[in-house]
Amino acid sequence: MKRLWLLPGLVAALVTGSAQQVDAAYCGAVSYDGCSSCGGSVVEGGVASDGSVVDGGAVADGGSVSADGSYTVMRTVRRTVMEQRQETRHRTRYERVYDEKQVQRTRMVPEQRTREVSYTVMKPVRETHEKVINYTVMKPVYETRQRVINYTVQKPVYEQHQKTINYTVMKPVTEQRERVINYTVRIPHREVRQRTINYTVMKPVHETRTRTINYTVMKPVQEQRSRTINYTVYNTVQEQKVRTENYSVLVPYQETKTIQVRGGHWESVSETIPGPTVRRTVRDPGSWSYDPCSCRCVYTPGCCRVEVTQCPPRTICKRVWVPTCESKEVTCTKYRRECRTREIPYTVCRRVPECRTKVCNYTVCKMVPECRTKTCNYTVCKMVPECRTKTCNYTVCTYTCEQRQKVCKYTVCKMVPECRTKVVNYTTCKMVCEPRTKTCNYTVCKMVPECRTKTCTYTTCKMVPECRTRTECYTVCRKECYTETVKVPRCVKVCEPYTVTVCVPRTICEQVPVTVCCPAPACCGAPASASDACCEGACDPCCAPRRNRVRDMLDRVFGACHRGCNDCCVTAPACGC
C-alpha cells in the first residue's frame, strides 16, 4: 500500500521519459493485433496444442512455444449475469371510510280528526196504482190429418255358428289358517234420568171474514164481414232449346313401371315376461308390556306393513312378422284427358202471370166489457202463545274398558292356472231390406186471435229528499322535525407495502483461454534493428545492462522482474526467457 502512491508518477514517466518504444506484450499485457501470420495453436484447459501449460497469462515453466511463435494465455473477461432479488415497494390506494353525522329532517305524521257532515238522502216513497190492459191472445186451434209414409226396414236374418275356444282359468285353492287377536272392548253402562222442560206453543185461532169484489169481464161479440181479394196466379209455359257443351273424356293407355313389393315371413321368437307384482299385508311381531292399572301384562300387536313381491317370470313363444322388400315390373293402365264437344237439348220453363179475384168471408170478434160483483169469504189465522210443560227421559252412558281375546280364522287363496276348452255358439246377423207402409196422424195448429182484458196493479216509487247528519273521520298530516344519524363516506389515502421480484444485473470475471500470435524471434539471429539490440549477448537469459531507467525503477517498485525476463528479451521471449 505504501508503494501505490508512486504509481501515477511512474505512469507519467513511462509515457514522457521513455526514449524507445517499449513493448510489454510478453509480460501480461500482450498485444493481440498484427498476428496475421501466426499459426493456429489453441489452449484447451490450460494446455497448449504442443503440450505446454499456460498459467496466469504467460507460458508455464517447462513449456514450449510452437514453431510459429504462437501460444495460449488465460484472459480475464467480464460478463453480466441477471440475478433475482426481492424488493419492497409501496403503493397508494384509497379506502372508503364512513363518518357519522347528525342531520335534521322533517317528516309528515298522520293525525286523526272528526267532523260533522250534513248530507241528503233520497228516500223512496212507494204508491200503488191500477190500470186496465187490453191485449190479444193467439188461441191455438188444432186439426188432425193423416198421411201415408213409405219406408224401408232393415230386417235382420240370424245364423247360428259354433267355434272351440281354449282358455286358461285361474282356479282358486283355499287354505284355512288361524291367528289370535287381542282387542279391547268398551262395555257401556246406561243410566236413565229425568228433567222437566218448559216450552211455548203458538196455537192457531181461525176467524172467518167476508168482502165484496167488483170485477169486469170482457164478453166476446162476433160479426160476419166479407172482402174482395185480388191475387196473381203463375202458369208454367215450356220452351225447347239447344246448348253446346264442352266435356272431357279419359282415354286409357298402358305403361310399365317397377314397384317395390313388401313381403315377409313369420318367425318364432321366445320372450321372457316378468311376473306380476303381488302386494300383501304383513304384521310385525308384537311386544308384551306391563300395565300398572290392571296389574298384568298386555300384548301390543305389531304394525302392519305392505310388502310387494315380484312373481317369477314366464317365457312365451310368439310369432314375429319379418318384412322383406322385393322389386317387380307391373303393367298399369293410365288415363289421359281429351276435350270434346256435344249438343244437348233442354227445356226451359217460364212463369206467365194471370190476375184473378175472389170474395173472402171472415169473422170479427169484439170484446165488450161487462161489470160483475162477487162476495168472497176468507179466513184470518192468528197465532196465540200457550205455555206447556213436559218431562223428558234421557240416558247417560258410561264406558268401561275390558281386554278380550279371540281366535280369527282366515282363508288364504292361491290362484292355480287350469286349461279348459269350451264350445261357443255365436250368431251372425245379415240385414235384409223390406219395404213397409204406415199411416201417420199429425196435428196442424192454427193460431186464432182472441182479445182479452186484465187489470194490472203496479207500484210507482218517488224519491223524496231527506237531510241527515253523520260524523266523519279524516286524516290530517302535520309536520314533525327529528334528528337522524347518517353515514357520510370519504376517501382516505393509504400507503401499502408490497414485495416484487426484480432482475438485477451483476458483472462477473471469467478466465478465457486466448491464443497469442507473435513474430519470429530476432535474438537468436541477427537483431531486427539496431535499437532492439540492448546488449552484446542478446541470447543471454538475463542481460546485465537494462534497457532504460524506467524499467529499473519498475523492478525496484514491484520487487522482482515482473516481466519474468530482462529488457533484452522483450522482442524474443521464445529464446529461453
# chains A, B, ... in the order shown; residues from 1 in each chain; ligands from 1
>>> residues_around(residues="Tyr94 (chain A)", least_positions_apart="5", cutoff="8 Å", atoms="only C-alpha atoms", output="list in words")
Cys491, Val492, Lys493 and Val494 of chain A
>>> residues_around(residues="Arg105 (chain A)", least_positions_apart="4", cutoff="10 Å", atoms="only C-alpha atoms", output="count of residues only")
5
>>> closest_residue(among="A:Lys406, A:Arg147, A:Arg243, A:Lys328", to="Arg262 (chain A)", atoms="only C-alpha atoms")
A:Lys328
>>> residues_around(residues="region 198-203 of chain A", least_positions_apart="6", cutoff="9 Å", atoms="only C-alpha atoms", output="PDB file with C-alpha atoms, in the first residue's frame")
ATOM      1  CA  LYS A 382    -153.894 -15.614  14.441  1.00  0.00           C
ATOM      2  CA  MET A 383    -151.203 -17.393  16.464  1.00  0.00           C
ATOM      3  CA  VAL A 384    -151.824 -17.288  20.252  1.00  0.00           C
ATOM      4  CA  PRO A 385    -148.914 -18.360  22.507  1.00  0.00           C
ATOM      5  CA  GLU A 386    -149.602 -21.153  25.063  1.00  0.00           C
ATOM      6  CA  CYS A 387    -147.144 -22.317  27.769  1.00  0.00           C
ATOM      7  CA  ARG A 388    -146.725 -26.064  28.302  1.00  0.00           C
ATOM      8  CA  THR A 389    -144.554 -28.412  30.397  1.00  0.00           C
ATOM      9  CA  LYS A 390    -143.178 -31.892  29.646  1.00  0.00           C
ATOM     10  CA  THR A 391    -140.953 -34.407  31.383  1.00  0.00           C
TER      11      THR A 391
END
>>> closest_residue(among="A:Pro369, A:Pro313, A:Pro435, A:Pro204", to="Ile149 (chain A)", atoms="only C-alpha atoms")
A:Pro435
>>> residues_around(residues="region 360-367 of chain A", least_positions_apart="2", cutoff="9 Å", atoms="only C-alpha atoms", output="VMD selection string")
chain A and resid 218 to 229 358 369 449 to 453
>>> write_last_selection(atoms="all heavy atoms", output="short mmCIF file (atom, residue, chain, number, x, y, z; two decimals), in the first residue's frame")
data_model
loop_
_atom_site.label_atom_id
_atom_site.label_comp_id
_atom_site.auth_asym_id
_atom_site.auth_seq_id
_atom_site.Cartn_x
_atom_site.Cartn_y
_atom_site.Cartn_z
N MET A 218 -164.64 -9.27 -20.02
CA MET A 218 -164.73 -8.90 -21.43
C MET A 218 -165.52 -9.98 -22.15
O MET A 218 -165.06 -11.13 -22.29
CB MET A 218 -163.33 -8.74 -22.03
CG MET A 218 -162.50 -7.66 -21.35
SD MET A 218 -163.23 -6.04 -21.42
CE MET A 218 -163.08 -5.69 -23.15
N LYS A 219 -166.73 -9.61 -22.67
CA LYS A 219 -167.63 -10.55 -23.32
C LYS A 219 -167.42 -10.46 -24.83
O LYS A 219 -167.49 -9.39 -25.41
CB LYS A 219 -169.07 -10.21 -22.96
CG LYS A 219 -170.06 -11.25 -23.42
CD LYS A 219 -171.46 -10.86 -22.92
CE LYS A 219 -172.49 -11.91 -23.37
NZ LYS A 219 -173.86 -11.55 -22.91
N PRO A 220 -167.12 -11.56 -25.50
CA PRO A 220 -166.89 -11.50 -26.94
C PRO A 220 -168.19 -11.39 -27.73
O PRO A 220 -169.18 -12.08 -27.43
CB PRO A 220 -166.17 -12.81 -27.23
CG PRO A 220 -166.63 -13.73 -26.16
CD PRO A 220 -166.88 -12.91 -24.94
N VAL A 221 -168.20 -10.51 -28.80
CA VAL A 221 -169.33 -10.34 -29.71
C VAL A 221 -168.80 -10.53 -31.12
O VAL A 221 -167.88 -9.79 -31.54
CB VAL A 221 -169.98 -8.96 -29.55
CG1 VAL A 221 -171.11 -8.79 -30.57
CG2 VAL A 221 -170.50 -8.77 -28.14
N GLN A 222 -169.29 -11.52 -31.87
CA GLN A 222 -168.80 -11.84 -33.21
C GLN A 222 -169.65 -11.17 -34.26
O GLN A 222 -170.88 -11.06 -34.13
CB GLN A 222 -168.77 -13.35 -33.42
CG GLN A 222 -167.79 -14.07 -32.52
CD GLN A 222 -167.72 -15.54 -32.80
OE1 GLN A 222 -168.52 -16.05 -33.61
NE2 GLN A 222 -166.79 -16.23 -32.14
N GLU A 223 -168.99 -10.75 -35.42
CA GLU A 223 -169.65 -10.05 -36.51
C GLU A 223 -169.08 -10.58 -37.82
O GLU A 223 -167.85 -10.70 -37.98
CB GLU A 223 -169.39 -8.55 -36.38
CG GLU A 223 -170.05 -7.74 -37.50
CD GLU A 223 -169.71 -6.26 -37.37
OE1 GLU A 223 -169.10 -5.87 -36.34
OE2 GLU A 223 -170.03 -5.51 -38.30
N GLN A 224 -169.99 -10.96 -38.78
CA GLN A 224 -169.58 -11.51 -40.06
C GLN A 224 -169.33 -10.38 -41.04
O GLN A 224 -170.15 -9.47 -41.21
CB GLN A 224 -170.66 -12.44 -40.63
CG GLN A 224 -170.92 -13.69 -39.80
CD GLN A 224 -169.73 -14.62 -39.80
OE1 GLN A 224 -169.00 -14.68 -40.81
NE2 GLN A 224 -169.53 -15.33 -38.70
N ARG A 225 -168.15 -10.47 -41.77
CA ARG A 225 -167.80 -9.48 -42.78
C ARG A 225 -167.24 -10.21 -43.99
O ARG A 225 -166.89 -11.41 -43.92
CB ARG A 225 -166.76 -8.49 -42.24
CG ARG A 225 -167.27 -7.63 -41.10
CD ARG A 225 -166.19 -6.64 -40.69
NE ARG A 225 -166.62 -5.85 -39.53
CZ ARG A 225 -165.87 -4.91 -38.95
NH1 ARG A 225 -164.65 -4.65 -39.43
NH2 ARG A 225 -166.33 -4.23 -37.90
N SER A 226 -167.17 -9.48 -45.15
CA SER A 226 -166.60 -10.04 -46.38
C SER A 226 -165.75 -8.98 -47.06
O SER A 226 -165.99 -7.77 -46.90
CB SER A 226 -167.71 -10.52 -47.32
OG SER A 226 -168.53 -9.43 -47.71
N ARG A 227 -164.76 -9.50 -47.87
CA ARG A 227 -163.88 -8.60 -48.62
C ARG A 227 -163.41 -9.30 -49.88
O ARG A 227 -163.39 -10.53 -49.96
CB ARG A 227 -162.69 -8.17 -47.79
CG ARG A 227 -161.79 -9.30 -47.38
CD ARG A 227 -160.64 -8.78 -46.56
NE ARG A 227 -159.83 -9.90 -46.04
CZ ARG A 227 -158.77 -9.75 -45.27
NH1 ARG A 227 -158.42 -8.51 -44.89
NH2 ARG A 227 -158.09 -10.79 -44.84
N THR A 228 -163.09 -8.45 -50.89
CA THR A 228 -162.65 -8.96 -52.19
C THR A 228 -161.12 -8.94 -52.22
O THR A 228 -160.49 -7.91 -51.91
CB THR A 228 -163.21 -8.10 -53.33
OG1 THR A 228 -164.64 -8.11 -53.24
CG2 THR A 228 -162.79 -8.63 -54.68
N ILE A 229 -160.54 -10.06 -52.65
CA ILE A 229 -159.08 -10.20 -52.68
C ILE A 229 -158.66 -10.41 -54.12
O ILE A 229 -159.19 -11.30 -54.82
CB ILE A 229 -158.63 -11.38 -51.80
CG1 ILE A 229 -159.06 -11.16 -50.35
CG2 ILE A 229 -157.13 -11.58 -51.90
CD1 ILE A 229 -158.78 -12.35 -49.45
N LYS A 358 -161.27 -13.08 -55.86
CA LYS A 358 -162.16 -13.93 -55.07
C LYS A 358 -162.67 -13.14 -53.87
O LYS A 358 -162.06 -12.16 -53.45
CB LYS A 358 -161.43 -15.18 -54.60
CG LYS A 358 -160.32 -14.93 -53.59
CD LYS A 358 -159.67 -16.24 -53.17
CE LYS A 358 -158.52 -15.97 -52.18
NZ LYS A 358 -157.90 -17.21 -51.72
N PRO A 369 -166.89 -4.94 -22.57
CA PRO A 369 -166.75 -5.10 -21.12
C PRO A 369 -168.11 -5.20 -20.42
O PRO A 369 -169.08 -4.52 -20.78
CB PRO A 369 -165.99 -3.84 -20.71
CG PRO A 369 -166.28 -2.85 -21.74
CD PRO A 369 -166.47 -3.61 -23.04
N PRO A 449 -156.62 -15.23 -33.33
CA PRO A 449 -156.50 -14.15 -32.35
C PRO A 449 -157.77 -14.03 -31.49
O PRO A 449 -158.89 -14.19 -31.97
CB PRO A 449 -156.28 -12.91 -33.21
CG PRO A 449 -156.88 -13.25 -34.52
CD PRO A 449 -156.68 -14.71 -34.73
N GLU A 450 -157.54 -13.74 -30.16
CA GLU A 450 -158.63 -13.57 -29.20
C GLU A 450 -158.31 -12.38 -28.31
O GLU A 450 -157.21 -12.31 -27.75
CB GLU A 450 -158.79 -14.84 -28.37
CG GLU A 450 -159.92 -14.74 -27.36
CD GLU A 450 -160.04 -16.00 -26.53
OE1 GLU A 450 -159.44 -17.04 -26.91
OE2 GLU A 450 -160.73 -15.97 -25.51
N CYS A 451 -159.22 -11.45 -28.21
CA CYS A 451 -158.99 -10.23 -27.41
C CYS A 451 -159.40 -10.48 -25.96
O CYS A 451 -160.48 -11.03 -25.69
CB CYS A 451 -159.80 -9.06 -27.97
SG CYS A 451 -159.26 -8.57 -29.61
N ARG A 452 -158.54 -10.02 -25.03
CA ARG A 452 -158.79 -10.17 -23.61
C ARG A 452 -158.42 -8.88 -22.90
O ARG A 452 -157.76 -8.01 -23.45
CB ARG A 452 -157.99 -11.35 -23.03
CG ARG A 452 -158.40 -12.70 -23.60
CD ARG A 452 -157.61 -13.81 -22.93
NE ARG A 452 -157.94 -15.12 -23.53
CZ ARG A 452 -157.38 -16.27 -23.13
NH1 ARG A 452 -156.50 -16.24 -22.13
NH2 ARG A 452 -157.74 -17.39 -23.70
N THR A 453 -158.90 -8.80 -21.63
CA THR A 453 -158.62 -7.62 -20.80
C THR A 453 -158.22 -8.08 -19.41
O THR A 453 -158.79 -9.05 -18.88
CB THR A 453 -159.86 -6.71 -20.69
OG1 THR A 453 -160.27 -6.35 -22.01
CG2 THR A 453 -159.54 -5.45 -19.92
#
>>> closest_residue(among="A:Trp321, A:Thr485, A:Cys517, A:Tyr394", to="Thr196 (chain A)", atoms="only C-alpha atoms")
A:Tyr394
>>> residues_around(residues="Cys297 (chain A)", least_positions_apart="5", cutoff="10 Å", atoms="only C-alpha atoms", output="list in words")
Ser287, Trp288, Ser289, Tyr290, Asp291 and Pro292 of chain A
>>> residues_around(residues="region 417-432 of chain A", least_positions_apart="3", cutoff="10 Å", atoms="only C-alpha atoms", output="MDAnalysis selection string")
chainID A and resid 152:172 414
>>> residues_around(residues="Thr331 (chain A)", least_positions_apart="5", cutoff="12 Å", atoms="only C-alpha atoms", output="list in words")
Tyr253, Gln254, Glu255, Thr256, Lys257, Thr258 and Ile259 of chain A
>>> write_last_selection(atoms="all heavy atoms", output="CSV table (one decimal), in the first residue's frame")
chain,number,residue,atom,x,y,z
A,253,TYR,N,-104.4,-45.7,-71.5
A,253,TYR,CA,-103.2,-46.2,-72.2
A,253,TYR,C,-102.3,-47.0,-71.2
A,253,TYR,O,-102.4,-46.8,-70.0
A,253,TYR,CB,-102.4,-45.0,-72.8
A,253,TYR,CG,-101.8,-44.1,-71.8
A,253,TYR,CD1,-100.4,-44.3,-71.3
A,253,TYR,CD2,-102.5,-43.1,-71.2
A,253,TYR,CE1,-99.9,-43.4,-70.4
A,253,TYR,CE2,-102.0,-42.2,-70.3
A,253,TYR,CZ,-100.7,-42.4,-69.9
A,253,TYR,OH,-100.1,-41.6,-68.9
A,254,GLN,N,-101.5,-48.0,-71.8
A,254,GLN,CA,-100.7,-48.9,-71.0
A,254,GLN,C,-99.3,-48.3,-70.7
A,254,GLN,O,-98.7,-47.7,-71.6
A,254,GLN,CB,-100.6,-50.2,-71.7
A,254,GLN,CG,-101.9,-50.9,-71.9
A,254,GLN,CD,-102.6,-51.3,-70.7
A,254,GLN,OE1,-102.0,-51.6,-69.7
A,254,GLN,NE2,-104.0,-51.3,-70.7
A,255,GLU,N,-98.8,-48.6,-69.5
A,255,GLU,CA,-97.5,-48.1,-69.1
A,255,GLU,C,-96.9,-49.1,-68.1
A,255,GLU,O,-97.6,-49.7,-67.2
A,255,GLU,CB,-97.5,-46.8,-68.4
A,255,GLU,CG,-96.2,-46.2,-68.0
A,255,GLU,CD,-96.3,-44.8,-67.4
A,255,GLU,OE1,-97.3,-44.1,-67.7
A,255,GLU,OE2,-95.4,-44.4,-66.7
A,256,THR,N,-95.6,-49.4,-68.3
A,256,THR,CA,-94.9,-50.4,-67.4
A,256,THR,C,-94.0,-49.6,-66.4
A,256,THR,O,-93.3,-48.7,-66.8
A,256,THR,CB,-94.0,-51.3,-68.2
A,256,THR,OG1,-94.8,-52.0,-69.2
A,256,THR,CG2,-93.3,-52.4,-67.4
A,257,LYS,N,-94.0,-50.1,-65.2
A,257,LYS,CA,-93.2,-49.4,-64.1
A,257,LYS,C,-92.8,-50.5,-63.1
A,257,LYS,O,-93.3,-51.5,-63.0
A,257,LYS,CB,-94.0,-48.3,-63.4
A,257,LYS,CG,-95.2,-48.8,-62.6
A,257,LYS,CD,-95.9,-47.6,-61.9
A,257,LYS,CE,-97.0,-48.1,-61.1
A,257,LYS,NZ,-97.7,-47.0,-60.4
A,258,THR,N,-91.7,-50.1,-62.4
A,258,THR,CA,-91.1,-51.0,-61.4
A,258,THR,C,-91.6,-50.5,-60.0
A,258,THR,O,-91.5,-49.4,-59.6
A,258,THR,CB,-89.6,-51.0,-61.4
A,258,THR,OG1,-89.2,-51.3,-62.7
A,258,THR,CG2,-89.0,-51.9,-60.4
A,259,ILE,N,-92.1,-51.5,-59.2
A,259,ILE,CA,-92.7,-51.2,-57.9
A,259,ILE,C,-92.0,-52.0,-56.9
A,259,ILE,O,-91.4,-53.1,-57.2
A,259,ILE,CB,-94.2,-51.4,-57.8
A,259,ILE,CG1,-94.6,-52.8,-58.1
A,259,ILE,CG2,-94.9,-50.5,-58.8
A,259,ILE,CD1,-96.0,-53.1,-57.9
>>> closest_residue(among="A:Arg490, A:Met74, A:Thr333, A:Glu466", to="Val516 (chain A)", atoms="only C-alpha atoms")
A:Met74
